[in-house]
$ cat my_file-v1.cif   # mmCIF, C-alpha atoms and all ligand atoms
data_data
#
loop_
_atom_site.label_atom_id
_atom_site.label_comp_id
_atom_site.auth_asym_id
_atom_site.auth_seq_id
_atom_site.Cartn_x
_atom_site.Cartn_y
_atom_site.Cartn_z
CA MET A 9 1.81 18.54 -3.15
CA VAL A 10 5.09 17.06 -4.41
CA GLU A 11 7.27 20.11 -3.63
CA GLU A 12 5.82 20.95 -0.23
CA GLN A 13 4.99 17.54 1.16
CA LEU A 14 7.57 15.22 -0.39
CA VAL A 15 10.74 17.12 -1.39
CA ASP A 16 10.76 19.20 1.79
CA ARG A 17 10.54 16.01 3.88
CA GLY A 18 13.39 14.27 2.10
CA VAL A 19 11.78 12.10 -0.58
CA LYS A 20 14.45 11.88 -3.30
CA ASP A 21 13.26 9.45 -5.96
CA LEU A 22 12.35 11.51 -9.04
CA ARG A 23 10.41 8.64 -10.58
CA ILE A 24 8.07 8.62 -7.57
CA MET A 25 7.58 12.38 -7.71
CA GLU A 26 6.90 12.38 -11.45
CA ALA A 27 4.42 9.53 -11.10
CA MET A 28 2.62 11.24 -8.22
CA ASN A 29 2.38 14.37 -10.35
CA ARG A 30 0.73 12.28 -13.10
CA ILE A 31 -1.78 10.31 -10.99
CA PRO A 32 -5.11 12.18 -10.55
CA ARG A 33 -5.42 11.69 -6.76
CA HIS A 34 -8.77 13.53 -6.67
CA MET A 35 -10.33 10.66 -8.65
CA PHE A 36 -9.50 8.23 -5.82
CA VAL A 37 -11.60 10.03 -3.20
CA HIS A 38 -15.34 10.62 -2.92
CA GLU A 39 -16.49 13.85 -4.59
CA THR A 40 -17.23 15.37 -1.17
CA PHE A 41 -13.50 15.31 -0.43
CA GLN A 42 -12.16 16.12 -3.89
CA HIS A 43 -11.16 19.67 -2.92
CA LYS A 44 -9.01 18.17 -0.14
CA ALA A 45 -7.50 15.33 -2.20
CA TYR A 46 -3.99 16.86 -2.44
CA GLY A 47 -3.85 17.89 1.25
CA ASP A 48 -1.22 16.70 3.71
CA PHE A 49 -3.46 14.14 5.45
CA PRO A 50 -5.30 10.84 4.97
CA LEU A 51 -8.95 10.95 3.89
CA PRO A 52 -11.87 8.58 4.42
CA ILE A 53 -12.74 6.26 1.51
CA GLY A 54 -15.77 4.57 3.12
CA ASP A 55 -16.13 1.33 5.12
CA ASN A 56 -14.05 2.89 7.93
CA GLN A 57 -10.93 2.86 5.72
CA THR A 58 -8.62 5.61 4.45
CA ILE A 59 -6.48 6.70 1.52
CA SER A 60 -3.07 7.36 3.09
CA GLN A 61 -1.38 10.76 3.34
CA PRO A 62 0.65 11.49 0.15
CA TYR A 63 3.97 11.67 2.04
CA ILE A 64 3.41 8.23 3.60
CA VAL A 65 2.58 6.75 0.19
CA ALA A 66 5.80 8.23 -1.23
CA ALA A 67 7.96 7.18 1.74
CA MET A 68 6.70 3.59 1.68
CA THR A 69 7.21 3.41 -2.06
CA GLU A 70 10.75 4.78 -1.79
CA ALA A 71 11.51 2.13 0.84
CA LEU A 72 10.52 -0.57 -1.68
CA ASN A 73 13.34 0.43 -4.05
CA LEU A 74 11.24 -0.61 -7.05
CA LYS A 75 12.63 -1.70 -10.40
CA ASP A 76 10.51 -1.52 -13.54
CA THR A 77 10.64 -5.30 -13.92
CA ASP A 78 9.51 -6.08 -10.35
CA ARG A 79 6.50 -8.26 -9.60
CA VAL A 80 4.72 -6.66 -6.65
CA LEU A 81 2.15 -7.98 -4.20
CA GLU A 82 0.09 -5.27 -2.48
CA ILE A 83 -2.16 -6.12 0.47
CA GLY A 84 -4.87 -3.48 1.02
CA THR A 85 -5.93 -1.99 -2.32
CA GLY A 86 -8.15 0.59 -0.58
CA SER A 87 -8.88 3.42 -3.02
CA GLY A 88 -6.30 2.09 -5.49
CA TYR A 89 -4.11 5.21 -5.32
CA GLN A 90 -1.02 3.41 -4.01
CA THR A 91 -1.76 0.60 -6.50
CA ALA A 92 -1.58 3.13 -9.35
CA LEU A 93 1.80 4.36 -8.11
CA LEU A 94 3.13 0.80 -7.92
CA ALA A 95 1.81 0.10 -11.43
CA GLU A 96 3.63 3.21 -12.74
CA LEU A 97 6.96 2.07 -11.31
CA ALA A 98 6.97 -1.75 -11.40
CA GLY A 99 6.40 -4.49 -13.97
CA GLN A 100 3.28 -6.15 -12.60
CA VAL A 101 1.13 -5.57 -9.53
CA PHE A 102 -1.04 -8.15 -7.77
CA THR A 103 -3.35 -6.37 -5.33
CA ILE A 104 -5.71 -7.81 -2.71
CA GLU A 105 -8.49 -6.02 -0.81
CA ARG A 106 -10.70 -7.73 1.76
CA ILE A 107 -13.64 -5.30 1.47
CA ARG A 108 -15.48 -6.16 -1.72
CA SER A 109 -17.01 -2.73 -2.41
CA LEU A 110 -13.59 -1.02 -2.12
CA GLY A 111 -11.81 -3.64 -4.21
CA LEU A 112 -14.35 -3.46 -7.04
CA LYS A 113 -14.44 0.35 -7.02
CA ALA A 114 -10.64 0.58 -7.20
CA GLN A 115 -10.54 -1.98 -10.01
CA SER A 116 -13.11 -0.10 -12.06
CA LEU A 117 -11.24 3.22 -11.65
CA LEU A 118 -7.79 1.78 -12.41
CA GLU A 119 -9.16 0.05 -15.51
CA ARG A 120 -10.72 3.36 -16.65
CA LEU A 121 -7.32 4.98 -16.14
CA ASN A 122 -5.87 2.32 -18.48
CA TYR A 123 -3.54 0.52 -16.10
CA MET A 124 -2.92 -2.80 -17.84
CA ASN A 125 -0.42 -4.35 -15.43
CA ILE A 126 -2.61 -4.84 -12.34
CA VAL A 127 -4.34 -8.07 -11.27
CA PHE A 128 -7.07 -7.68 -8.63
CA LYS A 129 -8.45 -10.01 -5.99
CA VAL A 130 -11.03 -9.58 -3.22
CA PHE A 131 -9.90 -11.86 -0.41
CA ASP A 132 -8.11 -12.00 2.93
CA GLY A 133 -4.62 -10.81 1.96
CA THR A 134 -2.96 -12.31 5.04
CA TYR A 135 -2.77 -15.52 2.98
CA GLY A 136 -0.88 -13.66 0.24
CA TRP A 137 -1.17 -14.97 -3.31
CA PRO A 138 0.68 -18.31 -3.15
CA ASP A 139 0.10 -19.38 -6.76
CA GLN A 140 1.74 -16.17 -8.04
CA ALA A 141 4.69 -16.23 -5.59
CA PRO A 142 7.56 -15.48 -5.32
CA PHE A 143 7.32 -11.68 -5.43
CA ASP A 144 10.18 -9.18 -5.70
CA VAL A 145 8.28 -6.78 -3.49
CA ILE A 146 5.43 -7.05 -0.98
CA LEU A 147 3.70 -3.95 0.38
CA ILE A 148 1.19 -4.25 3.21
CA THR A 149 -0.75 -1.01 3.64
CA ALA A 150 -2.45 -2.00 6.90
CA SER A 151 -0.93 -2.64 10.32
CA THR A 152 -0.12 -5.93 11.95
CA GLN A 153 1.31 -7.08 15.29
CA GLU A 154 3.41 -9.69 13.53
CA ILE A 155 4.29 -10.06 9.87
CA PRO A 156 2.27 -13.06 8.61
CA LYS A 157 4.69 -15.93 7.87
CA MET A 158 2.66 -16.83 4.76
CA LEU A 159 3.65 -13.44 3.32
CA VAL A 160 7.33 -13.64 4.29
CA ASP A 161 7.46 -17.07 2.62
CA GLN A 162 6.20 -15.50 -0.63
CA LEU A 163 9.07 -13.03 -0.81
CA GLY A 164 11.70 -14.00 -3.39
CA GLU A 165 15.49 -13.84 -3.08
CA GLY A 166 16.60 -10.18 -3.03
CA GLY A 167 12.99 -9.22 -2.20
CA ARG A 168 11.76 -6.33 -0.04
CA LEU A 169 8.65 -6.32 2.15
CA VAL A 170 7.35 -3.10 3.74
CA VAL A 171 4.71 -3.14 6.50
CA PRO A 172 3.63 -1.13 9.57
CA VAL A 173 4.25 -3.39 12.60
CA GLY A 174 2.92 -2.70 16.10
CA GLY A 175 -0.24 -2.14 18.14
CA LEU A 176 -3.42 -0.44 17.00
CA ASP A 177 -2.31 3.06 18.06
CA LYS A 178 1.27 3.14 16.83
CA GLN A 179 3.46 1.11 14.52
CA SER A 180 7.00 1.07 13.17
CA MET A 181 7.30 1.14 9.41
CA THR A 182 9.41 -1.95 8.85
CA ILE A 183 11.43 -3.08 5.83
CA LEU A 184 12.18 -6.78 5.60
CA THR A 185 14.85 -7.83 3.10
CA ARG A 186 15.62 -11.36 1.95
CA GLU A 187 19.24 -11.99 0.98
CA ASN A 188 20.98 -15.34 0.60
CA GLY A 189 17.92 -17.01 2.10
CA ARG A 190 18.06 -14.89 5.29
CA THR A 191 15.68 -12.07 6.21
CA THR A 192 16.83 -8.92 7.98
CA SER A 193 14.61 -6.09 9.16
CA GLN A 194 15.00 -2.36 9.58
CA GLU A 195 12.61 0.18 11.10
CA ILE A 196 12.36 3.55 9.38
CA GLY A 197 9.92 5.54 11.53
CA TYR A 198 6.59 5.57 13.31
CA CYS A 199 3.15 5.58 11.72
CA LYS A 200 -0.47 4.76 12.47
CA PHE A 201 -2.33 2.61 9.98
CA VAL A 202 -5.74 0.93 9.93
CA PRO A 203 -5.49 -2.74 11.01
CA LEU A 204 -4.74 -5.71 8.78
CA VAL A 205 -7.78 -7.85 9.55
CA GLY A 206 -7.85 -11.52 8.69
CA ARG A 207 -6.78 -15.08 9.45
CA TYR A 208 -3.15 -14.11 10.17
CA GLY A 209 -3.83 -10.52 11.25
CA TRP A 210 -6.14 -8.73 13.70
CA PRO A 211 -9.44 -10.52 14.44
CA GLU A 212 -12.56 -9.71 12.42
CA GLY A 213 -14.32 -6.67 13.90
CA THR A 214 -11.10 -4.87 14.91
CA GLY A 215 -11.58 -1.24 13.90
CA PRO A 216 -9.11 1.53 13.16
CA SER A 217 -8.15 3.84 16.03
CA ARG A 218 -8.63 7.59 15.57
CA ASN A 219 -6.73 9.39 12.81
CA SER A 220 -5.31 6.23 11.25
CA LEU A 221 -3.68 6.38 7.82
N1 LIG B 301 -3.09 2.20 -0.02
C1 LIG B 301 -4.50 2.47 0.01
C2 LIG B 301 -4.85 3.67 -0.81
O1 LIG B 301 -3.97 4.23 -1.50
O2 LIG B 301 -6.03 4.06 -0.81
C3 LIG B 301 -5.00 2.65 1.41
C4 LIG B 301 -5.04 1.38 2.13
S1 LIG B 301 -5.92 1.48 3.64
C5 LIG B 301 -4.83 2.38 4.66
C6 LIG B 301 -5.75 -0.20 4.17
C7 LIG B 301 -6.60 -1.17 3.39
O3 LIG B 301 -6.26 -2.49 3.79
C8 LIG B 301 -8.09 -1.03 3.63
O4 LIG B 301 -8.76 -0.83 2.43
C9 LIG B 301 -8.47 -2.35 4.28
O5 LIG B 301 -9.76 -2.79 3.98
C10 LIG B 301 -7.42 -3.27 3.71
N2 LIG B 301 -7.21 -4.52 4.46
C11 LIG B 301 -7.20 -4.72 5.80
N3 LIG B 301 -6.99 -6.02 6.07
C12 LIG B 301 -6.86 -6.66 4.88
C13 LIG B 301 -6.63 -8.01 4.49
N4 LIG B 301 -6.50 -9.01 5.38
N5 LIG B 301 -6.55 -8.29 3.17
C14 LIG B 301 -6.69 -7.33 2.23
N6 LIG B 301 -6.92 -6.02 2.54
C15 LIG B 301 -7.00 -5.69 3.84
#
$ encode --input "my_file-v1.cif" --output "structure tokens" --more "lines below"
Ligand code: SAM
Amino acid sequence: MVEEQLVDRGVKDLRIMEAMNRIPRHMFVHETFQHKAYGDFPLPIGDNQTISQPYIVAAMTEALNLKDTDRVLEIGTGSGYQTALLAELAGQVFTIERIRSLGLKAQSLLERLNYMNIVFKVFDGTYGWPDQAPFDVILITASTQEIPKMLVDQLGEGGRLVVPVGGLDKQSMTILTRENGRTTSQEIGYCKFVPLVGRYGWPEGTGPSRNSL
């Protein structure tokens, strides 16, 4: 998976590749899909949601430029696979999932895998986690038309926020950086994620379009 899907597409960070070699991705998908867990595509995880394609997970993580002391906020725990990667590379991870069954399942698996630096919450992540802010890094693994201001406000000085921004069918992977109190943004490519649903995201009931990550 790492050689063919990541190195060949230009992922360079060895720490990411080593961590993805360590994390048992097959444990994050339902047993029906375990034989496909290392394939070059997203897979369903139930509740109309997906575990993202390995390359996308690696590319987003590389864009975060993580340090091992970073405090990270992740919105969209999903299966917990990306959460595990963040926990391998950063100091502490705060992760929020809006769908209770997914959030609890991911928590139980990540605790069984002995990750001690993750704090879990089942809630609408568009509010962020104000009483734990500021964060060095914020990763939103669902798509939004506009980056919720509540989340931008929770990004600390020198912080990086990565999020797919756009309509339901196509988004630009966007990196927001805060330096000297100012935020600048950069787009690094197109993608197609399931929607960020909540108070400051898409309305309740918005579903993913076909083949979303
Ligand atoms: N990174 C995950 C993984 O490795 O399995 C996949 C995340 S999946 C593409 C997006 C997730 O965002 C879904 O589980 C979805 O329920 C969640 N989500 C959508 N809107 C949310 C919100 N407002 N707050 C928290 N989670 C949300």
$ residues_near_ligand --input "my_file-v1.cif" --ligand "ligand LIG 301 (chain B)" --cutoff "9 Å" --atoms "all atoms listed in the file" --output "PyMOL selection string"
chain A and resi 36-37+50-51+53-62+65+82-93+103-108+110-111+114+129-136+148-151+201-210+220-221
$ closest_residue --input "my_file-v1.cif" --among "A:Leu163, A:Ile155, A:Leu22, A:Ala98" --to "Ser180 of chain A" --atoms "all atoms listed in the file"
A:Ile155
$ atom_distance --input "my_file-v1.cif" --atom1 "atom CA of Arg30 of chain A" --atom2 "atom CA of Tyr46 of chain A"
12.5 Å
$ closest_residue --input "my_file-v1.cif" --among "A:Ile196, A:Val80, A:Leu121, A:Met25" --to "Pro172 of chain A" --atoms "only C-alpha atoms"
A:Ile196
$ closest_residue --input "my_file-v1.cif" --among "A:Leu14, A:Gly166, A:Met28, A:Asn219" --to "Asn188 of chain A" --atoms "only C-alpha atoms"
A:Gly166
$ residues_near_point --input "my_file-v1.cif" --point "(8.0, -6.8, -3.7)" --cutoff "12 Å" --atoms "only C-alpha atoms" --output "PyMOL selection string"
chain A and resi 68-69+71-83+94+97-103+136+141-148+159-160+162-171+183-186
$ build_atoms --input "my_file-v1.cif" --residues "segment 145-156 of chain A" --atoms "all heavy atoms" --output "PDB file, in the frame of the given file"
ATOM      1  N   VAL A 145       8.646  -7.805  -4.473  1.00  0.00           N
ATOM      2  CA  VAL A 145       8.280  -6.780  -3.490  1.00  0.00           C
ATOM      3  C   VAL A 145       6.909  -7.108  -2.924  1.00  0.00           C
ATOM      4  O   VAL A 145       6.013  -7.517  -3.662  1.00  0.00           O
ATOM      5  CB  VAL A 145       8.240  -5.400  -4.207  1.00  0.00           C
ATOM      6  CG1 VAL A 145       7.458  -4.379  -3.402  1.00  0.00           C
ATOM      7  CG2 VAL A 145       9.646  -4.891  -4.480  1.00  0.00           C
ATOM      8  N   ILE A 146       6.752  -6.939  -1.602  1.00  0.00           N
ATOM      9  CA  ILE A 146       5.430  -7.050  -0.980  1.00  0.00           C
ATOM     10  C   ILE A 146       5.197  -5.793  -0.158  1.00  0.00           C
ATOM     11  O   ILE A 146       6.047  -5.402   0.651  1.00  0.00           O
ATOM     12  CB  ILE A 146       5.322  -8.311  -0.085  1.00  0.00           C
ATOM     13  CG1 ILE A 146       5.538  -9.585  -0.929  1.00  0.00           C
ATOM     14  CG2 ILE A 146       3.964  -8.368   0.611  1.00  0.00           C
ATOM     15  CD1 ILE A 146       5.501 -10.902  -0.138  1.00  0.00           C
ATOM     16  N   LEU A 147       4.054  -5.145  -0.386  1.00  0.00           N
ATOM     17  CA  LEU A 147       3.700  -3.950   0.380  1.00  0.00           C
ATOM     18  C   LEU A 147       2.386  -4.219   1.093  1.00  0.00           C
ATOM     19  O   LEU A 147       1.388  -4.568   0.459  1.00  0.00           O
ATOM     20  CB  LEU A 147       3.544  -2.740  -0.555  1.00  0.00           C
ATOM     21  CG  LEU A 147       3.040  -1.467   0.126  1.00  0.00           C
ATOM     22  CD1 LEU A 147       4.006  -0.988   1.216  1.00  0.00           C
ATOM     23  CD2 LEU A 147       2.823  -0.354  -0.895  1.00  0.00           C
ATOM     24  N   ILE A 148       2.405  -4.064   2.426  1.00  0.00           N
ATOM     25  CA  ILE A 148       1.190  -4.250   3.210  1.00  0.00           C
ATOM     26  C   ILE A 148       0.787  -2.871   3.724  1.00  0.00           C
ATOM     27  O   ILE A 148       1.540  -2.247   4.486  1.00  0.00           O
ATOM     28  CB  ILE A 148       1.442  -5.226   4.386  1.00  0.00           C
ATOM     29  CG1 ILE A 148       2.029  -6.539   3.847  1.00  0.00           C
ATOM     30  CG2 ILE A 148       0.155  -5.489   5.154  1.00  0.00           C
ATOM     31  CD1 ILE A 148       2.523  -7.498   4.922  1.00  0.00           C
ATOM     32  N   THR A 149      -0.378  -2.391   3.287  1.00  0.00           N
ATOM     33  CA  THR A 149      -0.750  -1.010   3.640  1.00  0.00           C
ATOM     34  C   THR A 149      -1.754  -0.989   4.792  1.00  0.00           C
ATOM     35  O   THR A 149      -2.631  -0.126   4.851  1.00  0.00           O
ATOM     36  CB  THR A 149      -1.325  -0.261   2.417  1.00  0.00           C
ATOM     37  OG1 THR A 149      -2.548  -0.891   2.032  1.00  0.00           O
ATOM     38  CG2 THR A 149      -0.355  -0.257   1.256  1.00  0.00           C
ATOM     39  N   ALA A 150      -1.649  -1.963   5.685  1.00  0.00           N
ATOM     40  CA  ALA A 150      -2.450  -2.000   6.900  1.00  0.00           C
ATOM     41  C   ALA A 150      -1.553  -2.599   7.984  1.00  0.00           C
ATOM     42  O   ALA A 150      -0.580  -3.285   7.673  1.00  0.00           O
ATOM     43  CB  ALA A 150      -3.702  -2.854   6.685  1.00  0.00           C
ATOM     44  N   SER A 151      -1.897  -2.329   9.254  1.00  0.00           N
ATOM     45  CA  SER A 151      -0.930  -2.640  10.320  1.00  0.00           C
ATOM     46  C   SER A 151      -1.163  -4.011  10.941  1.00  0.00           C
ATOM     47  O   SER A 151      -2.292  -4.491  11.056  1.00  0.00           O
ATOM     48  CB  SER A 151      -1.025  -1.586  11.406  1.00  0.00           C
ATOM     49  OG  SER A 151      -2.253  -1.691  12.084  1.00  0.00           O
ATOM     50  N   THR A 152      -0.051  -4.599  11.367  1.00  0.00           N
ATOM     51  CA  THR A 152      -0.120  -5.930  11.950  1.00  0.00           C
ATOM     52  C   THR A 152       0.812  -6.024  13.165  1.00  0.00           C
ATOM     53  O   THR A 152       1.817  -5.321  13.234  1.00  0.00           O
ATOM     54  CB  THR A 152       0.286  -6.977  10.875  1.00  0.00           C
ATOM     55  OG1 THR A 152       0.256  -8.279  11.441  1.00  0.00           O
ATOM     56  CG2 THR A 152       1.681  -6.726  10.321  1.00  0.00           C
ATOM     57  N   GLN A 153       0.442  -6.905  14.116  1.00  0.00           N
ATOM     58  CA  GLN A 153       1.310  -7.080  15.290  1.00  0.00           C
ATOM     59  C   GLN A 153       2.536  -7.894  14.907  1.00  0.00           C
ATOM     60  O   GLN A 153       3.610  -7.690  15.461  1.00  0.00           O
ATOM     61  CB  GLN A 153       0.538  -7.806  16.388  1.00  0.00           C
ATOM     62  CG  GLN A 153      -0.480  -6.925  17.064  1.00  0.00           C
ATOM     63  CD  GLN A 153      -1.294  -7.710  18.055  1.00  0.00           C
ATOM     64  OE1 GLN A 153      -2.081  -8.584  17.675  1.00  0.00           O
ATOM     65  NE2 GLN A 153      -1.111  -7.433  19.311  1.00  0.00           N
ATOM     66  N   GLU A 154       2.308  -8.848  14.014  1.00  0.00           N
ATOM     67  CA  GLU A 154       3.410  -9.690  13.530  1.00  0.00           C
ATOM     68  C   GLU A 154       3.268  -9.841  12.034  1.00  0.00           C
ATOM     69  O   GLU A 154       2.144  -9.943  11.537  1.00  0.00           O
ATOM     70  CB  GLU A 154       3.330 -11.092  14.146  1.00  0.00           C
ATOM     71  CG  GLU A 154       3.885 -11.165  15.531  1.00  0.00           C
ATOM     72  CD  GLU A 154       3.739 -12.567  16.101  1.00  0.00           C
ATOM     73  OE1 GLU A 154       3.747 -13.546  15.331  1.00  0.00           O
ATOM     74  OE2 GLU A 154       3.607 -12.656  17.322  1.00  0.00           O
ATOM     75  N   ILE A 155       4.376  -9.904  11.323  1.00  0.00           N
ATOM     76  CA  ILE A 155       4.290 -10.060   9.870  1.00  0.00           C
ATOM     77  C   ILE A 155       3.852 -11.492   9.574  1.00  0.00           C
ATOM     78  O   ILE A 155       4.518 -12.439  10.005  1.00  0.00           O
ATOM     79  CB  ILE A 155       5.633  -9.767   9.187  1.00  0.00           C
ATOM     80  CG1 ILE A 155       6.187  -8.422   9.672  1.00  0.00           C
ATOM     81  CG2 ILE A 155       5.476  -9.773   7.671  1.00  0.00           C
ATOM     82  CD1 ILE A 155       7.566  -8.071   9.141  1.00  0.00           C
ATOM     83  N   PRO A 156       2.716 -11.686   8.872  1.00  0.00           N
ATOM     84  CA  PRO A 156       2.270 -13.060   8.610  1.00  0.00           C
ATOM     85  C   PRO A 156       3.337 -13.872   7.883  1.00  0.00           C
ATOM     86  O   PRO A 156       3.881 -13.442   6.870  1.00  0.00           O
ATOM     87  CB  PRO A 156       1.027 -12.851   7.722  1.00  0.00           C
ATOM     88  CG  PRO A 156       0.541 -11.474   8.046  1.00  0.00           C
ATOM     89  CD  PRO A 156       1.770 -10.683   8.360  1.00  0.00           C
TER      90      PRO A 156
END
